>>> print(open('entry15.cif').read())   # mmCIF, C-alpha atoms
data_input
#
loop_
_atom_site.label_atom_id
_atom_site.label_comp_id
_atom_site.auth_asym_id
_atom_site.auth_seq_id
_atom_site.Cartn_x
_atom_site.Cartn_y
_atom_site.Cartn_z
CA MET F 1 -16.02 -34.56 -53.52
CA SER F 2 -13.55 -32.77 -51.26
CA ALA F 3 -13.89 -33.06 -47.48
CA ARG F 4 -15.71 -30.25 -45.72
CA ARG F 5 -13.33 -27.60 -44.47
CA PRO F 6 -13.64 -27.22 -40.68
CA ARG F 7 -14.89 -23.92 -39.36
CA PRO F 8 -12.41 -21.72 -37.44
CA ASP F 9 -14.19 -22.48 -34.17
CA GLU F 10 -13.90 -26.24 -34.71
CA GLN F 11 -10.53 -26.63 -33.05
CA GLU F 12 -8.75 -29.74 -31.87
CA PHE F 13 -8.23 -29.69 -28.13
CA GLU F 14 -7.19 -31.63 -25.08
CA LEU F 15 -9.82 -31.50 -22.35
CA VAL F 16 -8.50 -30.91 -18.82
CA PRO F 17 -11.39 -31.60 -16.40
CA HIS F 18 -11.99 -29.03 -13.69
CA THR F 19 -10.70 -30.27 -10.34
CA ARG F 20 -12.73 -29.80 -7.18
CA THR F 21 -10.18 -27.20 -6.05
CA ARG F 22 -10.50 -25.23 -9.30
CA GLN F 23 -14.30 -25.36 -9.08
CA ALA F 24 -14.17 -24.14 -5.48
CA ILE F 25 -11.83 -21.28 -6.44
CA GLY F 26 -14.18 -20.30 -9.25
CA ASP F 27 -17.22 -20.34 -6.97
CA ARG F 28 -15.50 -18.27 -4.27
CA THR F 29 -14.06 -15.64 -6.59
CA ARG F 30 -17.34 -15.30 -8.50
CA GLN F 31 -19.16 -14.83 -5.18
CA SER F 32 -16.59 -12.22 -4.15
CA VAL F 33 -16.80 -10.19 -7.37
CA ASN F 34 -20.59 -10.40 -7.63
CA GLU F 35 -21.43 -9.63 -4.00
CA GLN F 36 -18.69 -7.30 -2.72
CA PRO F 37 -18.25 -3.72 -4.01
CA GLN F 38 -14.47 -3.80 -4.23
CA PHE F 39 -12.07 -0.89 -4.65
CA ARG F 40 -8.29 -0.60 -4.42
CA VAL F 41 -5.52 1.67 -3.21
CA HIS F 42 -1.89 1.30 -4.24
CA LYS F 43 1.47 2.33 -2.82
CA LEU F 44 5.07 1.96 -3.98
CA VAL F 45 7.25 1.03 -1.00
CA ASP F 46 11.01 1.10 -0.43
CA ALA F 47 12.07 -2.46 0.46
CA SER F 48 15.71 -1.71 1.37
CA ALA F 49 15.28 -2.41 5.11
CA LEU F 50 13.27 -5.55 4.37
CA MET F 51 16.02 -6.91 2.13
CA ALA F 52 18.72 -5.99 4.66
CA ALA F 53 16.84 -7.72 7.49
CA ARG F 54 16.48 -10.94 5.52
CA GLN F 55 20.14 -10.84 4.46
CA ALA F 56 21.17 -10.44 8.10
CA LEU F 57 19.24 -13.60 8.99
CA ARG F 58 20.78 -15.41 6.04
CA ASP F 59 24.27 -14.38 7.18
CA ALA F 60 23.43 -15.61 10.69
CA GLY F 61 22.43 -19.02 9.30
CA ALA F 62 18.74 -18.81 10.26
CA GLN F 63 16.88 -22.08 9.68
CA PRO F 64 14.40 -21.93 8.19
CA LEU F 65 15.27 -18.64 6.51
CA PRO F 66 12.12 -16.47 6.58
CA SER F 67 10.83 -15.53 3.14
CA PHE F 68 9.88 -11.96 2.27
CA ASN F 69 6.31 -13.22 2.53
CA ASP F 70 6.94 -14.32 6.12
CA PHE F 71 8.28 -10.86 7.00
CA LEU F 72 5.24 -9.18 5.45
CA LEU F 73 2.81 -11.58 7.08
CA LYS F 74 4.31 -10.77 10.48
CA LEU F 75 4.30 -7.01 9.84
CA VAL F 76 0.66 -7.12 8.73
CA ALA F 77 -0.34 -9.28 11.70
CA ASP F 78 1.24 -6.79 14.10
CA LEU F 79 -0.75 -3.92 12.52
CA LEU F 80 -4.16 -5.56 12.45
CA PRO F 81 -5.00 -5.05 16.16
CA THR F 82 -4.86 -1.29 15.55
CA HIS F 83 -6.76 -1.51 12.23
CA ARG F 84 -9.57 -3.74 13.43
CA ARG F 85 -11.91 -3.27 10.47
CA PHE F 86 -9.33 -5.07 8.34
CA ASN F 87 -9.37 -8.09 10.67
CA ALA F 88 -13.07 -8.70 10.27
CA TRP F 89 -15.88 -10.59 8.56
CA TRP F 90 -18.79 -8.86 6.86
CA SER F 91 -22.26 -10.17 7.66
CA PRO F 92 -25.77 -8.87 6.95
CA GLU F 93 -26.17 -8.22 10.67
CA GLY F 94 -23.01 -6.14 10.96
CA LEU F 95 -19.22 -6.18 10.82
CA LYS F 96 -17.69 -8.90 12.96
CA LEU F 97 -14.45 -7.52 14.42
CA LEU F 98 -12.35 -10.59 15.18
CA LYS F 99 -10.44 -10.99 18.43
CA ASP F 100 -7.77 -13.35 17.07
CA VAL F 101 -5.40 -12.23 14.34
CA ASN F 102 -5.40 -15.10 11.83
CA VAL F 103 -3.69 -14.30 8.52
CA ALA F 104 -4.02 -16.41 5.37
CA PHE F 105 -1.44 -16.39 2.59
CA ALA F 106 -2.09 -17.41 -1.02
CA THR F 107 -0.10 -20.48 -2.07
CA ALA F 108 0.12 -21.75 -5.65
CA THR F 109 -0.28 -25.50 -6.19
CA ASP F 110 -0.87 -27.75 -9.19
CA GLN F 111 -4.55 -27.87 -8.21
CA GLY F 112 -4.92 -24.10 -7.83
CA VAL F 113 -4.38 -21.43 -5.20
CA LEU F 114 -4.90 -22.48 -1.57
CA LEU F 115 -5.04 -20.24 1.50
CA PRO F 116 -3.13 -21.72 4.45
CA THR F 117 -3.72 -19.71 7.61
CA VAL F 118 -1.36 -18.72 10.41
CA LEU F 119 -3.44 -18.59 13.57
CA LYS F 120 -2.76 -15.83 16.12
CA ALA F 121 0.05 -14.60 13.88
CA ASN F 122 0.62 -11.43 15.93
CA GLU F 123 1.51 -13.59 18.95
CA LYS F 124 4.17 -15.57 17.05
CA SER F 125 7.76 -14.70 16.32
CA LEU F 126 9.06 -14.36 12.77
CA ALA F 127 10.94 -17.65 13.20
CA GLU F 128 7.76 -19.43 14.32
CA ILE F 129 5.85 -18.05 11.36
CA ALA F 130 8.61 -19.10 8.94
CA ALA F 131 8.59 -22.67 10.26
CA GLU F 132 4.80 -22.87 10.16
CA THR F 133 4.40 -21.46 6.66
CA ALA F 134 7.15 -23.71 5.26
CA GLU F 135 5.34 -26.76 6.65
CA MET F 136 1.95 -25.67 5.30
CA VAL F 137 3.33 -24.83 1.86
CA ALA F 138 4.91 -28.29 1.65
CA LEU F 139 1.60 -29.89 2.65
CA ALA F 140 -0.33 -27.77 0.15
CA ARG F 141 1.93 -28.67 -2.77
CA ALA F 142 1.77 -32.34 -1.81
CA GLY F 143 -2.03 -32.19 -1.79
CA LYS F 144 -2.15 -32.90 1.95
CA LEU F 145 -3.22 -29.55 3.41
CA ARG F 146 -6.24 -30.17 5.64
CA ALA F 147 -9.27 -27.93 5.27
CA SER F 148 -8.92 -26.96 8.94
CA LEU F 149 -5.56 -25.33 8.13
CA GLN F 150 -7.34 -22.96 5.71
CA MET F 151 -10.04 -21.75 8.10
CA GLY F 152 -10.52 -18.75 10.34
CA ALA F 153 -8.55 -16.03 8.54
CA GLY F 154 -9.61 -12.43 9.02
CA PHE F 155 -7.17 -11.08 6.42
CA THR F 156 -5.21 -12.48 3.46
CA ILE F 157 -1.97 -11.57 1.73
CA SER F 158 -1.21 -12.65 -1.83
CA ASN F 159 2.37 -12.39 -3.05
CA ILE F 160 3.25 -13.35 -6.62
CA GLY F 161 6.32 -11.17 -6.58
CA PRO F 162 8.66 -14.18 -6.86
CA VAL F 163 7.41 -14.81 -10.43
CA GLY F 164 8.41 -11.31 -11.55
CA VAL F 165 5.06 -9.48 -11.57
CA ASP F 166 5.36 -5.73 -10.97
CA ALA F 167 1.88 -5.28 -9.49
CA PHE F 168 -1.55 -6.89 -9.47
CA ASP F 169 -4.95 -6.67 -7.81
CA ALA F 170 -6.23 -9.57 -5.71
CA ILE F 171 -9.83 -10.68 -5.08
CA ILE F 172 -11.14 -10.64 -1.50
CA SER F 173 -11.88 -14.01 0.12
CA PRO F 174 -15.38 -13.64 1.61
CA PRO F 175 -16.43 -12.89 4.29
CA GLN F 176 -13.14 -11.02 4.83
CA THR F 177 -13.13 -7.29 4.20
CA ALA F 178 -9.73 -6.86 2.48
CA ILE F 179 -6.74 -8.53 0.86
CA LEU F 180 -3.20 -7.26 0.25
CA ALA F 181 -1.46 -8.00 -3.06
CA ILE F 182 2.35 -7.78 -3.10
CA GLY F 183 4.40 -7.31 -6.27
CA SER F 184 8.03 -8.07 -7.05
CA ILE F 185 10.88 -6.32 -5.31
CA MET F 186 12.69 -4.59 -8.17
CA PRO F 187 15.18 -1.71 -8.55
CA ARG F 188 13.29 1.43 -9.59
CA PRO F 189 14.16 5.13 -9.79
CA VAL F 190 12.68 7.15 -6.91
CA ALA F 191 12.95 10.76 -5.80
CA GLU F 192 15.07 11.39 -2.73
CA GLY F 193 15.02 15.09 -1.99
CA ASP F 194 15.92 16.74 -5.28
CA GLN F 195 17.86 13.69 -6.49
CA VAL F 196 16.73 10.59 -8.39
CA VAL F 197 18.18 7.40 -6.94
CA VAL F 198 17.58 3.69 -7.54
CA ARG F 199 16.10 1.72 -4.66
CA PRO F 200 14.64 -1.80 -4.33
CA THR F 201 10.90 -1.17 -4.27
CA MET F 202 7.65 -3.10 -4.43
CA TRP F 203 4.03 -2.25 -5.17
CA LEU F 204 1.40 -2.92 -2.53
CA SER F 205 -2.22 -3.12 -3.69
CA LEU F 206 -4.93 -3.18 -1.04
CA THR F 207 -8.37 -4.37 -2.18
CA MET F 208 -11.24 -3.45 0.17
CA ASP F 209 -14.93 -4.17 0.54
CA HIS F 210 -16.63 -0.77 0.34
CA ARG F 211 -19.47 -1.99 2.57
CA SER F 212 -16.99 -2.14 5.44
CA LEU F 213 -14.06 0.11 4.55
CA ASP F 214 -13.33 3.43 2.87
CA GLY F 215 -10.26 5.06 1.38
CA ALA F 216 -9.89 6.85 4.71
CA ASP F 217 -9.25 3.39 6.23
CA GLY F 218 -7.01 2.06 3.47
CA GLY F 219 -4.66 5.04 3.35
CA PRO F 220 -3.62 4.89 7.02
CA PHE F 221 -3.30 1.11 6.88
CA LEU F 222 -0.90 1.25 3.91
CA ASN F 223 0.98 4.18 5.40
CA ASP F 224 1.49 2.32 8.70
CA LEU F 225 2.63 -0.76 6.79
CA THR F 226 5.07 1.38 4.81
CA VAL F 227 6.59 2.68 8.06
CA ALA F 228 6.78 -0.85 9.46
CA ILE F 229 8.58 -2.07 6.34
CA ALA F 230 11.01 0.87 6.49
CA ASN F 231 11.78 0.05 10.14
CA CYS F 232 12.03 -3.71 9.58
CA ARG F 233 14.84 -5.39 11.48
CA ALA F 234 16.05 -8.99 11.74
#
>>> encode(input="entry15.cif", output="structure tokens")
Amino acid sequence: MSARRPRPDEQEFELVPHTRTRQAIGDRTRQSVNEQPQFRVHKLVDASALMAARQALRDAGAQPLPSFNDFLLKLVADLLPTHRRFNAWWSPEGLKLLKDVNVAFATATDQGVLLPTVLKANEKSLAEIAAETAEMVALARAGKLRASLQMGAGFTISNIGPVGVDAFDAIISPPQTAILAIGSIMPRPVAEGDQVVVRPTMWLSLTMDHRSLDGADGGPFLNDLTVAIANCRA
């Protein structure tokens, strides 16, 4: 008698147990999607000034050299005091507008994505932010990032541009009210007057909690960030 032929769903596999970090990420993102009515606004931004500013620091021998993420974290931090509903925590009692500007940034590790946080980021220079983020990224990837270094953020940025993704939508980290997703800087054709020119551009995607924010909040925030990026200097 011939051996029974396995069914198509009887596949050989290697089981990779869920780590505590992966389980925590799953719990947090499920909570976010299930409990927060999320919507998104998008904007394509010219990154020419951003690239020029970083190149100027590179030419000057800046150590550590700020990443594009560091530039954007600083620009966002400087905007949040004038867009207070984005630097906030939702609660059943009301919206908690935070006094300190603490900005988290998504960091990929072997265990999953962690959210190191730069405290009082609007009060720090770009160089200070670059040094702090470099240290926290190294700790995160070595599995040594303390939980206290991931607490207190009122806003998060998530940048997977370095891996070549044009655009994506991020999931809010509760109880925050928004998160900014940043795509790759790539040459794209854009209209300049009645001409089509190629410029280095990137997509910004702002995800918001509709219990706390509306499109009338997201549009001005992205527009102000666009202006800040266009005026970026080393």
>>> atom_distance(input="entry15.cif", atom1="atom CA of Ser212 of chain F", atom2="atom CA of Thr177 of chain F")
6.6 Å
>>> atom_distance(input="entry15.cif", atom1="atom CA of Ala130 of chain F", atom2="atom CA of Gly112 of chain F")
22.1 Å
>>> residues_around(input="entry15.cif", residues="Ala106 of chain F", least_positions_apart="6", cutoff="9 Å", atoms="only C-alpha atoms", output="JSON list (two decimals) with C-alpha atoms, in the coordinates of the input")
[["chain", "number", "residue", "atom", "x", "y", "z"],
["F", 113, "VAL", "CA", -4.38, -21.43, -5.20],
["F", 114, "LEU", "CA", -4.90, -22.48, -1.57],
["F", 115, "LEU", "CA", -5.04, -20.24, 1.50],
["F", 116, "PRO", "CA", -3.13, -21.72, 4.45],
["F", 156, "THR", "CA", -5.21, -12.48, 3.46],
["F", 157, "ILE", "CA", -1.97, -11.57, 1.73],
["F", 158, "SER", "CA", -1.21, -12.65, -1.83],
["F", 159, "ASN", "CA", 2.37, -12.39, -3.05],
["F", 160, "ILE", "CA", 3.25, -13.35, -6.62]]
>>> residues_around(input="entry15.cif", residues="Leu72 of chain F", least_positions_apart="4", cutoff="10 Å", atoms="all atoms listed in the file", output="list in words")
Leu50, Ser67, Phe68, Val76, Ala77, Asp78, Leu126, Ile157, Asn159, Ile182, Leu225, Ala228, Ile229 and Cys232 of chain F
>>> atom_distance(input="entry15.cif", atom1="atom CA of Ala104 of chain F", atom2="atom CA of Phe155 of chain F")
6.3 Å
>>> closest_residue(input="entry15.cif", among="F:Ile179, F:Leu206, F:Pro6, F:Pro200", to="Ala52 of chain F", atoms="all atoms listed in the file")
F:Pro200
>>> closest_residue(input="entry15.cif", among="F:Asn69, F:Asn87, F:Ser184, F:Gln36", to="Phe168 of chain F", atoms="all atoms listed in the file")
F:Ser184
>>> closest_residue(input="entry15.cif", among="F:Leu57, F:Ala121, F:Ala178, F:Ala131", to="Arg85 of chain F", atoms="only C-alpha atoms")
F:Ala178
>>> closest_residue(input="entry15.cif", among="F:Gly143, F:Pro8, F:Gly152, F:Gly218", to="Lys99 of chain F", atoms="all atoms listed in the file")
F:Gly152
>>> closest_residue(input="entry15.cif", among="F:Ser173, F:Phe105, F:His18, F:Ile185", to="Leu149 of chain F", atoms="only C-alpha atoms")
F:Phe105
>>> residues_around(input="entry15.cif", residues="Thr29 of chain F", least_positions_apart="3", cutoff="12 Å", atoms="only C-alpha atoms", output="ChimeraX atom specification")
/F:22-26,32-36,113,170-175
>>> resolve_selection(input="entry15.cif", expression="the PyMOL selection byres ((chain F and resi 211) around 9)", output="number ranges by chain")
F: 36-38, 90, 177, 208-210, 212-214
>>> resolve_selection(input="entry15.cif", expression="the PyMOL selection byres ((chain F and resi 205) around 6)", output="VMD selection string")
chain F and resid 41 to 42 180 to 181 204 206
>>> axis_aligned_box(input="entry15.cif", around="segment 123-132 of chain F", padding_each_side="3 Å", output="lines of an AutoDock Vina configuration file")
center_x = 6.2
center_y = -18.2
center_z = 13.9
size_x = 15.4
size_y = 15.3
size_z = 16.0
>>> closest_residue(input="entry15.cif", among="F:Asp46, F:Glu93, F:Arg20, F:Phe13", to="Val198 of chain F", atoms="only C-alpha atoms")
F:Asp46
>>> resolve_selection(input="entry15.cif", expression="the PyMOL selection byres ((chain F and resi 141) around 9)", output="mmCIF file with C-alpha atoms, in the coordinates of the input")
data_model
loop_
_atom_site.group_PDB
_atom_site.id
_atom_site.type_symbol
_atom_site.label_atom_id
_atom_site.label_comp_id
_atom_site.auth_asym_id
_atom_site.auth_seq_id
_atom_site.Cartn_x
_atom_site.Cartn_y
_atom_site.Cartn_z
ATOM 1 C CA THR F 107 -0.100 -20.480 -2.070
ATOM 2 C CA ALA F 108 0.120 -21.750 -5.650
ATOM 3 C CA THR F 109 -0.280 -25.500 -6.190
ATOM 4 C CA ASP F 110 -0.870 -27.750 -9.190
ATOM 5 C CA GLN F 111 -4.550 -27.870 -8.210
ATOM 6 C CA MET F 136 1.950 -25.670 5.300
ATOM 7 C CA VAL F 137 3.330 -24.830 1.860
ATOM 8 C CA ALA F 138 4.910 -28.290 1.650
ATOM 9 C CA LEU F 139 1.600 -29.890 2.650
ATOM 10 C CA ALA F 140 -0.330 -27.770 0.150
ATOM 11 C CA ALA F 142 1.770 -32.340 -1.810
ATOM 12 C CA GLY F 143 -2.030 -32.190 -1.790
ATOM 13 C CA LYS F 144 -2.150 -32.900 1.950
ATOM 14 C CA LEU F 145 -3.220 -29.550 3.410
#
>>> residues_around(input="entry15.cif", residues="His83 of chain F", least_positions_apart="6", cutoff="9 Å", atoms="all atoms listed in the file", output="NGL selection string")
:F and (217 or 220-221)
>>> write_last_selection(input="entry15.cif", atoms="C-alpha atoms", output="PDB file, keeping the file's coordinate frame")
ATOM      1  CA  ASP F 217      -9.250   3.390   6.230  1.00  0.00           C
ATOM      2  CA  PRO F 220      -3.620   4.890   7.020  1.00  0.00           C
ATOM      3  CA  PHE F 221      -3.300   1.110   6.880  1.00  0.00           C
TER       4      PHE F 221
END
